[in-house]
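**Student:** input_20.txt is reproduced in full below (compact mmCIF, N, CA and C atoms and all ligand atoms).
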# COMPACT_ATOMS: atom_id res chain seq x y z
N MET A 1 0.85 -1.19 0.00
CA MET A 1 0.00 0.00 0.00
C MET A 1 0.88 1.24 0.00
N ASN A 2 0.45 2.25 -0.73
CA ASN A 2 1.31 3.42 -0.94
C ASN A 2 1.19 4.48 0.15
N LYS A 3 -0.05 4.82 0.47
CA LYS A 3 -0.27 5.91 1.42
C LYS A 3 -1.74 5.93 1.79
N ILE A 4 -2.07 6.71 2.81
CA ILE A 4 -3.49 6.96 3.08
C ILE A 4 -3.98 7.87 1.96
N GLU A 5 -4.97 7.42 1.23
CA GLU A 5 -5.49 8.20 0.10
C GLU A 5 -6.50 9.22 0.60
N HIS A 6 -7.39 8.77 1.49
CA HIS A 6 -8.34 9.70 2.12
C HIS A 6 -8.93 9.08 3.37
N ILE A 7 -9.61 9.91 4.13
CA ILE A 7 -10.37 9.44 5.29
C ILE A 7 -11.83 9.78 5.03
N GLY A 8 -12.69 8.80 5.24
CA GLY A 8 -14.12 8.98 4.99
C GLY A 8 -14.87 9.29 6.28
N ILE A 9 -15.72 10.30 6.23
CA ILE A 9 -16.51 10.71 7.40
C ILE A 9 -17.99 10.66 7.01
N ALA A 10 -18.76 9.90 7.79
CA ALA A 10 -20.20 9.80 7.54
C ALA A 10 -20.90 10.99 8.17
N VAL A 11 -21.72 11.68 7.38
CA VAL A 11 -22.43 12.86 7.87
C VAL A 11 -23.93 12.74 7.60
N LYS A 12 -24.70 13.42 8.41
CA LYS A 12 -26.16 13.36 8.26
C LYS A 12 -26.63 14.30 7.16
N ASP A 13 -26.04 15.49 7.15
CA ASP A 13 -26.49 16.53 6.23
C ASP A 13 -25.26 17.07 5.50
N LEU A 14 -25.17 16.77 4.22
CA LEU A 14 -23.95 17.10 3.48
C LEU A 14 -23.70 18.61 3.43
N GLU A 15 -24.78 19.38 3.22
CA GLU A 15 -24.61 20.83 3.12
C GLU A 15 -24.04 21.43 4.42
N LYS A 16 -24.65 20.99 5.53
CA LYS A 16 -24.19 21.49 6.83
C LYS A 16 -22.76 21.07 7.10
N ALA A 17 -22.45 19.82 6.75
CA ALA A 17 -21.10 19.30 6.99
C ALA A 17 -20.08 20.03 6.12
N GLU A 18 -20.47 20.33 4.87
CA GLU A 18 -19.56 21.07 3.98
C GLU A 18 -19.25 22.45 4.57
N GLU A 19 -20.27 23.07 5.13
CA GLU A 19 -20.09 24.39 5.75
C GLU A 19 -19.12 24.30 6.92
N LEU A 20 -19.39 23.31 7.77
CA LEU A 20 -18.56 23.11 8.96
C LEU A 20 -17.11 22.84 8.60
N TYR A 21 -16.91 21.89 7.68
CA TYR A 21 -15.53 21.50 7.34
C TYR A 21 -14.84 22.57 6.50
N SER A 22 -15.60 23.36 5.74
CA SER A 22 -15.00 24.47 5.01
C SER A 22 -14.40 25.47 5.99
N LYS A 23 -15.13 25.72 7.09
CA LYS A 23 -14.62 26.63 8.12
C LYS A 23 -13.38 26.03 8.77
N LEU A 24 -13.47 24.74 9.10
CA LEU A 24 -12.37 24.07 9.79
C LEU A 24 -11.11 24.08 8.93
N PHE A 25 -11.25 23.70 7.67
CA PHE A 25 -10.08 23.55 6.79
C PHE A 25 -9.70 24.86 6.10
N LYS A 26 -10.57 25.86 6.16
CA LYS A 26 -10.38 27.13 5.48
C LYS A 26 -10.25 26.93 3.96
N THR A 27 -11.03 25.98 3.46
CA THR A 27 -11.08 25.76 2.01
C THR A 27 -12.40 25.08 1.68
N THR A 28 -12.83 25.23 0.43
CA THR A 28 -14.11 24.62 0.04
C THR A 28 -13.87 23.28 -0.64
N PRO A 29 -14.89 22.43 -0.68
CA PRO A 29 -14.73 21.12 -1.33
C PRO A 29 -14.38 21.28 -2.82
N TYR A 30 -13.51 20.41 -3.33
CA TYR A 30 -13.15 20.54 -4.75
C TYR A 30 -14.06 19.73 -5.65
N LYS A 31 -14.82 18.84 -5.06
CA LYS A 31 -15.83 18.18 -5.88
C LYS A 31 -16.90 17.51 -5.04
N ARG A 32 -18.05 17.36 -5.68
CA ARG A 32 -19.16 16.63 -5.10
C ARG A 32 -19.52 15.56 -6.10
N GLU A 33 -19.76 14.37 -5.62
CA GLU A 33 -20.04 13.29 -6.56
C GLU A 33 -21.01 12.30 -5.96
N LYS A 34 -22.01 11.91 -6.76
CA LYS A 34 -22.97 10.90 -6.34
C LYS A 34 -22.45 9.54 -6.77
N VAL A 35 -22.53 8.55 -5.86
CA VAL A 35 -22.27 7.17 -6.27
C VAL A 35 -23.61 6.44 -6.13
N GLU A 36 -24.31 6.40 -7.26
CA GLU A 36 -25.68 5.90 -7.29
C GLU A 36 -25.78 4.50 -6.70
N SER A 37 -24.85 3.62 -7.11
CA SER A 37 -24.89 2.21 -6.70
C SER A 37 -24.77 2.04 -5.18
N GLU A 38 -24.14 3.02 -4.51
CA GLU A 38 -23.93 2.93 -3.06
C GLU A 38 -24.96 3.74 -2.28
N GLY A 39 -25.76 4.49 -3.00
CA GLY A 39 -26.72 5.36 -2.31
C GLY A 39 -26.04 6.43 -1.49
N VAL A 40 -24.91 6.96 -2.02
CA VAL A 40 -24.23 8.03 -1.29
C VAL A 40 -23.93 9.22 -2.19
N ILE A 41 -23.85 10.36 -1.54
CA ILE A 41 -23.30 11.54 -2.19
C ILE A 41 -22.06 11.93 -1.39
N THR A 42 -20.99 12.21 -2.12
CA THR A 42 -19.71 12.46 -1.46
C THR A 42 -19.26 13.88 -1.76
N SER A 43 -18.43 14.38 -0.88
CA SER A 43 -17.85 15.70 -1.06
C SER A 43 -16.40 15.61 -0.63
N PHE A 44 -15.50 16.11 -1.49
CA PHE A 44 -14.06 15.94 -1.23
C PHE A 44 -13.36 17.25 -0.92
N PHE A 45 -12.55 17.20 0.12
CA PHE A 45 -11.68 18.31 0.49
C PHE A 45 -10.24 17.89 0.30
N LYS A 46 -9.41 18.83 -0.09
CA LYS A 46 -7.99 18.56 -0.16
C LYS A 46 -7.28 19.47 0.83
N ILE A 47 -6.51 18.85 1.73
CA ILE A 47 -5.75 19.61 2.71
C ILE A 47 -4.31 19.16 2.55
N GLY A 48 -3.50 19.98 1.92
CA GLY A 48 -2.14 19.55 1.62
C GLY A 48 -2.18 18.30 0.76
N GLU A 49 -1.51 17.27 1.22
CA GLU A 49 -1.48 16.02 0.44
C GLU A 49 -2.64 15.10 0.81
N SER A 50 -3.42 15.50 1.79
CA SER A 50 -4.47 14.61 2.30
C SER A 50 -5.84 14.98 1.77
N LYS A 51 -6.69 13.97 1.72
CA LYS A 51 -8.06 14.20 1.29
C LYS A 51 -9.02 13.72 2.36
N ILE A 52 -10.12 14.44 2.48
CA ILE A 52 -11.21 14.03 3.36
C ILE A 52 -12.44 13.86 2.49
N GLU A 53 -13.12 12.73 2.67
CA GLU A 53 -14.34 12.44 1.91
C GLU A 53 -15.52 12.48 2.88
N LEU A 54 -16.43 13.40 2.66
CA LEU A 54 -17.67 13.40 3.44
C LEU A 54 -18.67 12.53 2.70
N LEU A 55 -19.38 11.69 3.44
CA LEU A 55 -20.36 10.79 2.81
C LEU A 55 -21.73 10.97 3.46
N ALA A 56 -22.73 11.22 2.63
CA ALA A 56 -24.10 11.31 3.13
C ALA A 56 -24.96 10.33 2.35
N ALA A 57 -25.95 9.77 3.02
CA ALA A 57 -26.85 8.80 2.37
C ALA A 57 -27.83 9.51 1.46
N THR A 58 -28.18 8.86 0.35
CA THR A 58 -29.22 9.41 -0.52
C THR A 58 -30.53 8.64 -0.37
N ASN A 59 -30.48 7.50 0.30
CA ASN A 59 -31.72 6.76 0.58
C ASN A 59 -31.52 5.88 1.83
N SER A 60 -32.59 5.29 2.30
CA SER A 60 -32.52 4.57 3.58
C SER A 60 -31.89 3.18 3.44
N ASP A 61 -31.63 2.72 2.20
CA ASP A 61 -30.92 1.45 2.01
C ASP A 61 -29.41 1.66 1.99
N SER A 62 -29.00 2.90 1.96
CA SER A 62 -27.58 3.23 1.86
C SER A 62 -26.81 2.72 3.07
N PRO A 63 -25.63 2.14 2.83
CA PRO A 63 -24.79 1.71 3.96
C PRO A 63 -24.47 2.86 4.91
N ILE A 64 -24.43 4.08 4.38
CA ILE A 64 -24.14 5.25 5.23
C ILE A 64 -25.32 5.53 6.15
N HIS A 65 -26.52 5.37 5.63
CA HIS A 65 -27.71 5.54 6.47
C HIS A 65 -27.69 4.53 7.62
N LYS A 66 -27.38 3.28 7.28
CA LYS A 66 -27.34 2.22 8.29
C LYS A 66 -26.25 2.48 9.32
N PHE A 67 -25.10 2.91 8.83
CA PHE A 67 -23.96 3.21 9.72
C PHE A 67 -24.35 4.30 10.73
N ILE A 68 -24.95 5.38 10.24
CA ILE A 68 -25.30 6.51 11.11
C ILE A 68 -26.38 6.10 12.12
N GLN A 69 -27.31 5.27 11.67
CA GLN A 69 -28.34 4.80 12.60
C GLN A 69 -27.75 3.98 13.73
N LYS A 70 -26.75 3.17 13.37
CA LYS A 70 -26.14 2.26 14.34
C LYS A 70 -25.12 2.96 15.23
N ARG A 71 -24.28 3.79 14.63
CA ARG A 71 -23.14 4.33 15.37
C ARG A 71 -23.08 5.85 15.41
N GLY A 72 -24.00 6.49 14.73
CA GLY A 72 -23.98 7.95 14.68
C GLY A 72 -23.02 8.45 13.62
N ALA A 73 -23.06 9.73 13.34
CA ALA A 73 -22.15 10.32 12.36
C ALA A 73 -20.73 10.26 12.90
N GLY A 74 -19.77 10.31 12.01
CA GLY A 74 -18.37 10.32 12.45
C GLY A 74 -17.47 9.56 11.51
N MET A 75 -16.27 9.26 11.99
CA MET A 75 -15.27 8.54 11.19
C MET A 75 -15.87 7.25 10.62
N HIS A 76 -15.75 7.09 9.32
CA HIS A 76 -16.36 5.92 8.68
C HIS A 76 -15.33 4.94 8.15
N HIS A 77 -14.35 5.42 7.40
CA HIS A 77 -13.34 4.51 6.87
C HIS A 77 -12.02 5.23 6.57
N ILE A 78 -10.98 4.42 6.46
CA ILE A 78 -9.67 4.91 6.02
C ILE A 78 -9.38 4.24 4.69
N ALA A 79 -8.98 5.02 3.70
CA ALA A 79 -8.70 4.46 2.38
C ALA A 79 -7.21 4.51 2.08
N PHE A 80 -6.68 3.38 1.63
CA PHE A 80 -5.27 3.29 1.26
C PHE A 80 -5.15 3.11 -0.25
N GLU A 81 -4.21 3.83 -0.81
CA GLU A 81 -3.97 3.73 -2.25
C GLU A 81 -3.10 2.52 -2.54
N VAL A 82 -3.48 1.77 -3.57
CA VAL A 82 -2.66 0.65 -4.03
C VAL A 82 -2.44 0.79 -5.54
N ASN A 83 -1.42 0.11 -6.04
CA ASN A 83 -1.12 0.20 -7.48
C ASN A 83 -1.97 -0.77 -8.30
N ASP A 84 -2.20 -1.94 -7.73
CA ASP A 84 -2.92 -2.98 -8.46
C ASP A 84 -3.95 -3.60 -7.52
N ILE A 85 -5.17 -3.11 -7.63
CA ILE A 85 -6.20 -3.49 -6.65
C ILE A 85 -6.55 -4.98 -6.75
N ASP A 86 -6.54 -5.55 -7.96
CA ASP A 86 -6.90 -6.96 -8.10
C ASP A 86 -5.91 -7.86 -7.38
N SER A 87 -4.63 -7.59 -7.57
CA SER A 87 -3.63 -8.45 -6.91
C SER A 87 -3.62 -8.19 -5.40
N GLU A 88 -3.94 -6.98 -4.99
CA GLU A 88 -4.00 -6.66 -3.56
C GLU A 88 -5.18 -7.39 -2.89
N ILE A 89 -6.32 -7.46 -3.57
CA ILE A 89 -7.47 -8.21 -3.04
C ILE A 89 -7.08 -9.68 -2.87
N LYS A 90 -6.42 -10.22 -3.87
CA LYS A 90 -5.97 -11.62 -3.80
C LYS A 90 -5.03 -11.83 -2.63
N ARG A 91 -4.05 -10.93 -2.50
CA ARG A 91 -3.07 -11.04 -1.42
C ARG A 91 -3.75 -10.99 -0.05
N LEU A 92 -4.66 -10.02 0.12
CA LEU A 92 -5.31 -9.84 1.43
C LEU A 92 -6.16 -11.05 1.78
N LYS A 93 -6.82 -11.63 0.77
CA LYS A 93 -7.63 -12.83 1.03
C LYS A 93 -6.75 -14.00 1.45
N LEU A 94 -5.61 -14.12 0.78
CA LEU A 94 -4.67 -15.18 1.14
C LEU A 94 -4.15 -14.99 2.57
N GLU A 95 -4.06 -13.73 3.00
CA GLU A 95 -3.63 -13.44 4.37
C GLU A 95 -4.74 -13.66 5.38
N GLY A 96 -5.93 -13.97 4.89
CA GLY A 96 -7.03 -14.29 5.79
C GLY A 96 -7.98 -13.14 6.08
N PHE A 97 -7.81 -12.03 5.38
CA PHE A 97 -8.74 -10.92 5.58
C PHE A 97 -10.05 -11.19 4.86
N LEU A 98 -11.11 -10.69 5.47
CA LEU A 98 -12.43 -10.85 4.90
C LEU A 98 -12.74 -9.62 4.06
N MET A 99 -13.04 -9.82 2.79
CA MET A 99 -13.35 -8.70 1.91
C MET A 99 -14.86 -8.50 1.84
N ILE A 100 -15.32 -7.26 1.89
CA ILE A 100 -16.73 -6.98 1.60
C ILE A 100 -16.90 -7.07 0.08
N ASN A 101 -15.88 -6.60 -0.65
CA ASN A 101 -15.90 -6.68 -2.12
C ASN A 101 -14.77 -7.57 -2.60
N ASP A 102 -15.14 -8.73 -3.12
CA ASP A 102 -14.13 -9.64 -3.69
C ASP A 102 -13.63 -9.13 -5.03
N ILE A 103 -14.47 -8.31 -5.65
CA ILE A 103 -14.11 -7.73 -6.94
C ILE A 103 -14.20 -6.22 -6.80
N ALA A 104 -13.17 -5.54 -7.30
CA ALA A 104 -13.14 -4.09 -7.20
C ALA A 104 -14.31 -3.48 -7.95
N LYS A 105 -14.85 -2.41 -7.39
CA LYS A 105 -15.98 -1.74 -8.04
C LYS A 105 -15.65 -0.27 -8.22
N THR A 106 -16.46 0.39 -9.03
CA THR A 106 -16.22 1.81 -9.29
C THR A 106 -16.70 2.64 -8.11
N GLY A 107 -15.81 3.44 -7.55
CA GLY A 107 -16.17 4.33 -6.46
C GLY A 107 -16.13 5.77 -6.91
N ALA A 108 -16.13 6.68 -5.95
CA ALA A 108 -16.07 8.11 -6.28
C ALA A 108 -14.65 8.49 -6.66
N ASP A 109 -14.51 9.70 -7.22
CA ASP A 109 -13.19 10.30 -7.46
C ASP A 109 -12.34 9.49 -8.44
N HIS A 110 -13.01 8.88 -9.44
CA HIS A 110 -12.31 8.18 -10.52
C HIS A 110 -11.44 7.03 -9.99
N LYS A 111 -12.01 6.22 -9.11
CA LYS A 111 -11.24 5.15 -8.48
C LYS A 111 -11.95 3.81 -8.57
N LEU A 112 -11.14 2.77 -8.57
CA LEU A 112 -11.65 1.43 -8.31
C LEU A 112 -11.46 1.20 -6.82
N VAL A 113 -12.46 0.64 -6.16
CA VAL A 113 -12.39 0.50 -4.71
C VAL A 113 -12.84 -0.89 -4.27
N ALA A 114 -12.35 -1.29 -3.09
CA ALA A 114 -12.83 -2.52 -2.44
C ALA A 114 -12.69 -2.30 -0.94
N PHE A 115 -13.64 -2.82 -0.18
CA PHE A 115 -13.63 -2.65 1.27
C PHE A 115 -13.30 -3.97 1.96
N LEU A 116 -12.55 -3.86 3.05
CA LEU A 116 -12.29 -5.02 3.91
C LEU A 116 -13.34 -5.02 5.01
N HIS A 117 -13.75 -6.19 5.42
CA HIS A 117 -14.74 -6.27 6.48
C HIS A 117 -14.11 -5.89 7.82
N PRO A 118 -14.77 -4.97 8.57
CA PRO A 118 -14.19 -4.55 9.86
C PRO A 118 -14.01 -5.69 10.85
N LYS A 119 -14.76 -6.77 10.65
CA LYS A 119 -14.60 -7.96 11.50
C LYS A 119 -13.16 -8.46 11.47
N SER A 120 -12.51 -8.32 10.33
CA SER A 120 -11.16 -8.88 10.19
C SER A 120 -10.08 -7.81 10.37
N THR A 121 -10.47 -6.57 10.70
CA THR A 121 -9.47 -5.50 10.86
C THR A 121 -9.66 -4.75 12.18
N ASP A 122 -10.00 -5.49 13.23
CA ASP A 122 -10.17 -4.88 14.56
C ASP A 122 -11.18 -3.74 14.58
N GLY A 123 -12.24 -3.89 13.78
CA GLY A 123 -13.33 -2.92 13.85
C GLY A 123 -13.17 -1.70 12.98
N VAL A 124 -12.08 -1.64 12.20
CA VAL A 124 -11.87 -0.48 11.33
C VAL A 124 -12.29 -0.83 9.90
N LEU A 125 -13.13 0.00 9.33
CA LEU A 125 -13.51 -0.20 7.92
C LEU A 125 -12.39 0.36 7.06
N ILE A 126 -11.77 -0.52 6.29
CA ILE A 126 -10.65 -0.11 5.44
C ILE A 126 -11.02 -0.27 3.98
N GLU A 127 -10.70 0.77 3.22
CA GLU A 127 -10.92 0.76 1.77
C GLU A 127 -9.55 0.71 1.11
N ILE A 128 -9.44 -0.07 0.07
CA ILE A 128 -8.26 0.07 -0.78
C ILE A 128 -8.74 0.65 -2.11
N CYS A 129 -7.95 1.49 -2.70
CA CYS A 129 -8.39 2.12 -3.94
C CYS A 129 -7.23 2.31 -4.91
N GLN A 130 -7.60 2.29 -6.15
CA GLN A 130 -6.63 2.44 -7.23
C GLN A 130 -7.17 3.42 -8.24
N GLU A 131 -6.35 4.32 -8.69
CA GLU A 131 -6.73 5.26 -9.74
C GLU A 131 -7.15 4.46 -10.96
N LYS A 132 -8.30 4.84 -11.55
CA LYS A 132 -8.74 4.15 -12.78
C LYS A 132 -7.83 4.53 -13.91
N LYS A 133 -7.45 3.50 -14.71
CA LYS A 133 -6.53 3.79 -15.81
C LYS A 133 -7.30 4.13 -17.08
ZN ZN B 201 -13.63 6.35 0.52
Output the structure of this file as structure tokens.

**Tutor:**
Amino acid sequence: MNKIEHIGIAVKDLEKAEELYSKLFKTTPYKREKVESEGVITSFFKIGESKIELLAATNSDSPIHKFIQKRGAGMHHIAFEVNDIDSEIKRLKLEGFLMINDIAKTGADHKLVAFLHPKSTDGVLIEICQEKK
């Protein structure tokens, strides 16, 4: 894995959260993107080399909606950049990690993404992502 690509934060109200984090970071989001298949709308901030992804649910089936109902708004996942997501999924499975996505899928911000099950990572939801070629 190369680096932390971004940190995902689950929020109830994207507009309010954008306002709050814009004040905190002293910068505005550089993009907003809907991921229809996940039932989320995302908003990205860039702070130096780091990115923060705000995630809000667009419907009640959304994993973000379920997460917020269960645990409240807050830190949702850490995403690590990899060069070859397919071989990384294979490697992690061989190491005994449980994948939520056995096959990489299209995520926000022009990326292929796959999530590891928090059951196998001490309760932390981890995303691996690769820039789409
Ligand atoms: Zn993410």

**Student:** Select from region 10-132 of chain A everything DSSP, run on the backbone, classes as strand (DSSP E), then give the selection as a VMD selection string.

**Tutor:** chain A and resid 10 31 to 35 40 to 47 50 to 57 74 to 81 105 to 106 111 to 116 126 to 131

**Student:** Mind the document's chain letters and residue numbers, and return as a VMD selection string the residues of chain A that DSSP labels helix (DSSP H, G or I).

**Tutor:** chain A and resid 14 to 25 36 to 38 63 to 71 85 to 94 118 to 120

**Student:** Output N, CA and C atoms for every residue in the selection just made, as a compact mmCIF listing (two decimals), in the coordinates of the input.

**Tutor:**
# COMPACT_ATOMS: atom_id res chain seq x y z
N LEU A 14 -25.17 16.77 4.22
CA LEU A 14 -23.95 17.10 3.48
C LEU A 14 -23.70 18.61 3.43
N GLU A 15 -24.78 19.38 3.22
CA GLU A 15 -24.61 20.83 3.12
C GLU A 15 -24.04 21.43 4.42
N LYS A 16 -24.65 20.99 5.53
CA LYS A 16 -24.19 21.49 6.83
C LYS A 16 -22.76 21.07 7.10
N ALA A 17 -22.45 19.82 6.75
CA ALA A 17 -21.10 19.30 6.99
C ALA A 17 -20.08 20.03 6.12
N GLU A 18 -20.47 20.33 4.87
CA GLU A 18 -19.56 21.07 3.98
C GLU A 18 -19.25 22.45 4.57
N GLU A 19 -20.27 23.07 5.13
CA GLU A 19 -20.09 24.39 5.75
C GLU A 19 -19.12 24.30 6.92
N LEU A 20 -19.39 23.31 7.77
CA LEU A 20 -18.56 23.11 8.96
C LEU A 20 -17.11 22.84 8.60
N TYR A 21 -16.91 21.89 7.68
CA TYR A 21 -15.53 21.50 7.34
C TYR A 21 -14.84 22.57 6.50
N SER A 22 -15.60 23.36 5.74
CA SER A 22 -15.00 24.47 5.01
C SER A 22 -14.40 25.47 5.99
N LYS A 23 -15.13 25.72 7.09
CA LYS A 23 -14.62 26.63 8.12
C LYS A 23 -13.38 26.03 8.77
N LEU A 24 -13.47 24.74 9.10
CA LEU A 24 -12.37 24.07 9.79
C LEU A 24 -11.11 24.08 8.93
N PHE A 25 -11.25 23.70 7.67
CA PHE A 25 -10.08 23.55 6.79
C PHE A 25 -9.70 24.86 6.10
N GLU A 36 -24.31 6.40 -7.26
CA GLU A 36 -25.68 5.90 -7.29
C GLU A 36 -25.78 4.50 -6.70
N SER A 37 -24.85 3.62 -7.11
CA SER A 37 -24.89 2.21 -6.70
C SER A 37 -24.77 2.04 -5.18
N GLU A 38 -24.14 3.02 -4.51
CA GLU A 38 -23.93 2.93 -3.06
C GLU A 38 -24.96 3.74 -2.28
N PRO A 63 -25.63 2.14 2.83
CA PRO A 63 -24.79 1.71 3.96
C PRO A 63 -24.47 2.86 4.91
N ILE A 64 -24.43 4.08 4.38
CA ILE A 64 -24.14 5.25 5.23
C ILE A 64 -25.32 5.53 6.15
N HIS A 65 -26.52 5.37 5.63
CA HIS A 65 -27.71 5.54 6.47
C HIS A 65 -27.69 4.53 7.62
N LYS A 66 -27.38 3.28 7.28
CA LYS A 66 -27.34 2.22 8.29
C LYS A 66 -26.25 2.48 9.32
N PHE A 67 -25.10 2.91 8.83
CA PHE A 67 -23.96 3.21 9.72
C PHE A 67 -24.35 4.30 10.73
N ILE A 68 -24.95 5.38 10.24
CA ILE A 68 -25.30 6.51 11.11
C ILE A 68 -26.38 6.10 12.12
N GLN A 69 -27.31 5.27 11.67
CA GLN A 69 -28.34 4.80 12.60
C GLN A 69 -27.75 3.98 13.73
N LYS A 70 -26.75 3.17 13.37
CA LYS A 70 -26.14 2.26 14.34
C LYS A 70 -25.12 2.96 15.23
N ARG A 71 -24.28 3.79 14.63
CA ARG A 71 -23.14 4.33 15.37
C ARG A 71 -23.08 5.85 15.41
N ILE A 85 -5.17 -3.11 -7.63
CA ILE A 85 -6.20 -3.49 -6.65
C ILE A 85 -6.55 -4.98 -6.75
N ASP A 86 -6.54 -5.55 -7.96
CA ASP A 86 -6.90 -6.96 -8.10
C ASP A 86 -5.91 -7.86 -7.38
N SER A 87 -4.63 -7.59 -7.57
CA SER A 87 -3.63 -8.45 -6.91
C SER A 87 -3.62 -8.19 -5.40
N GLU A 88 -3.94 -6.98 -4.99
CA GLU A 88 -4.00 -6.66 -3.56
C GLU A 88 -5.18 -7.39 -2.89
N ILE A 89 -6.32 -7.46 -3.57
CA ILE A 89 -7.47 -8.21 -3.04
C ILE A 89 -7.08 -9.68 -2.87
N LYS A 90 -6.42 -10.22 -3.87
CA LYS A 90 -5.97 -11.62 -3.80
C LYS A 90 -5.03 -11.83 -2.63
N ARG A 91 -4.05 -10.93 -2.50
CA ARG A 91 -3.07 -11.04 -1.42
C ARG A 91 -3.75 -10.99 -0.05
N LEU A 92 -4.66 -10.02 0.12
CA LEU A 92 -5.31 -9.84 1.43
C LEU A 92 -6.16 -11.05 1.78
N LYS A 93 -6.82 -11.63 0.77
CA LYS A 93 -7.63 -12.83 1.03
C LYS A 93 -6.75 -14.00 1.45
N LEU A 94 -5.61 -14.12 0.78
CA LEU A 94 -4.67 -15.18 1.14
C LEU A 94 -4.15 -14.99 2.57
N PRO A 118 -14.77 -4.97 8.57
CA PRO A 118 -14.19 -4.55 9.86
C PRO A 118 -14.01 -5.69 10.85
N LYS A 119 -14.76 -6.77 10.65
CA LYS A 119 -14.60 -7.96 11.50
C LYS A 119 -13.16 -8.46 11.47
N SER A 120 -12.51 -8.32 10.33
CA SER A 120 -11.16 -8.88 10.19
C SER A 120 -10.08 -7.81 10.37

**Student:** Using all atoms listed in the file, find each protein or nucleic acid residue lying at most 7 Å from ligand ZN 201 (chain B); present the set as a PyMOL selection string.

**Tutor:** chain A and resi 6-8+53+77-79+108+127

**Student:** For region 44-51 of chain A, list every protein, DNA or RNA residue within 7 Å, evaluated using all atoms listed in the file, and leave out those in the same chain fewer than 4 positions away; present the list as a short mmCIF file (atom, residue, chain, number, x, y, z; two decimals) with N, CA and C atoms, keeping the file's coordinate frame.

**Tutor:**
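As written to disk, part_12.cif reads:
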data_model
loop_
_atom_site.label_atom_id
_atom_site.label_comp_id
_atom_site.auth_asym_id
_atom_site.auth_seq_id
_atom_site.Cartn_x
_atom_site.Cartn_y
_atom_site.Cartn_z
N ILE A 4 -2.07 6.71 2.81
CA ILE A 4 -3.49 6.96 3.08
C ILE A 4 -3.98 7.87 1.96
N GLU A 5 -4.97 7.42 1.23
CA GLU A 5 -5.49 8.20 0.10
C GLU A 5 -6.50 9.22 0.60
N HIS A 6 -7.39 8.77 1.49
CA HIS A 6 -8.34 9.70 2.12
C HIS A 6 -8.93 9.08 3.37
N ILE A 7 -9.61 9.91 4.13
CA ILE A 7 -10.37 9.44 5.29
C ILE A 7 -11.83 9.78 5.03
N GLY A 8 -12.69 8.80 5.24
CA GLY A 8 -14.12 8.98 4.99
C GLY A 8 -14.87 9.29 6.28
N THR A 27 -11.03 25.98 3.46
CA THR A 27 -11.08 25.76 2.01
C THR A 27 -12.40 25.08 1.68
N THR A 28 -12.83 25.23 0.43
CA THR A 28 -14.11 24.62 0.04
C THR A 28 -13.87 23.28 -0.64
N PRO A 29 -14.89 22.43 -0.68
CA PRO A 29 -14.73 21.12 -1.33
C PRO A 29 -14.38 21.28 -2.82
N TYR A 30 -13.51 20.41 -3.33
CA TYR A 30 -13.15 20.54 -4.75
C TYR A 30 -14.06 19.73 -5.65
N LYS A 31 -14.82 18.84 -5.06
CA LYS A 31 -15.83 18.18 -5.88
C LYS A 31 -16.90 17.51 -5.04
N ARG A 32 -18.05 17.36 -5.68
CA ARG A 32 -19.16 16.63 -5.10
C ARG A 32 -19.52 15.56 -6.10
N GLU A 33 -19.76 14.37 -5.62
CA GLU A 33 -20.04 13.29 -6.56
C GLU A 33 -21.01 12.30 -5.96
#

**Student:** Tell me, counting only C-alpha atoms, for each residue of region 31-123 of chain A within 10 Å of region 130-133 of chain A, which pair of atoms is nearest and how far apart they are in Å to one decimal, in rows ordered by chain and increasing number, as CSV.

**Tutor:**
residue,atom,partner,partner_atom,distance
A:Phe80,CA,A:Gln130,CA,8.6
A:Glu81,CA,A:Gln130,CA,5.8
A:Val82,CA,A:Gln130,CA,5.4
A:Asn83,CA,A:Gln130,CA,6.0
A:Asp84,CA,A:Gln130,CA,6.7
A:Ile85,CA,A:Gln130,CA,6.0
A:Asp86,CA,A:Gln130,CA,9.4
A:Ala104,CA,A:Gln130,CA,9.2
A:Thr106,CA,A:Lys132,CA,8.6
A:Gly107,CA,A:Gln130,CA,9.8
A:Asp109,CA,A:Glu131,CA,8.5
A:His110,CA,A:Lys132,CA,5.8
A:Lys111,CA,A:Glu131,CA,4.7
A:Leu112,CA,A:Gln130,CA,5.2
A:Val113,CA,A:Gln130,CA,6.6
A:Ala114,CA,A:Gln130,CA,9.3

**Student:** Where's the centre, and what are the edge lengths in Å to one decimal, of a box along x, y and z enclosing all listed atoms of region 1-7 of chain A padded 3 Å per side, as JSON?

**Tutor:**
{"center_x": -5.3, "center_y": 4.4, "center_z": 2.2, "size_x": 19.1, "size_y": 17.1, "size_z": 12.2}

**Student:** If you measure from atom N of Val40 (chain A) to CA of Arg91 (chain A), what distance in Å do you get, rounded to one decimal?

**Tutor:**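 For atom N of Val40 (chain A) relative to CA of Arg91 (chain A), the distance reads 28.3 Å.
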
**Student:** For a cut-off of 6 Å around (-6.4, -3.8, -2.0), file coordinates, pick out all residues using only N, CA and C atoms and list them as an mmCIF file with N, CA and C atoms, in the frame of the given file.

**Tutor:**
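Result file follows (selection_31.cif):
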data_model
loop_
_atom_site.group_PDB
_atom_site.id
_atom_site.type_symbol
_atom_site.label_atom_id
_atom_site.label_comp_id
_atom_site.auth_asym_id
_atom_site.auth_seq_id
_atom_site.Cartn_x
_atom_site.Cartn_y
_atom_site.Cartn_z
ATOM 1 N N ILE A 85 -5.170 -3.110 -7.630
ATOM 2 C CA ILE A 85 -6.200 -3.490 -6.650
ATOM 3 C C ILE A 85 -6.550 -4.980 -6.750
ATOM 4 N N GLU A 88 -3.940 -6.980 -4.990
ATOM 5 C CA GLU A 88 -4.000 -6.660 -3.560
ATOM 6 C C GLU A 88 -5.180 -7.390 -2.890
ATOM 7 N N ILE A 89 -6.320 -7.460 -3.570
ATOM 8 C CA ILE A 89 -7.470 -8.210 -3.040
ATOM 9 C C ILE A 89 -7.080 -9.680 -2.870
ATOM 10 N N ILE A 128 -9.440 -0.070 0.070
ATOM 11 C CA ILE A 128 -8.260 0.070 -0.780
ATOM 12 C C ILE A 128 -8.740 0.650 -2.110
ATOM 13 N N CYS A 129 -7.950 1.490 -2.700
ATOM 14 C CA CYS A 129 -8.390 2.120 -3.940
ATOM 15 C C CYS A 129 -7.230 2.310 -4.910
#
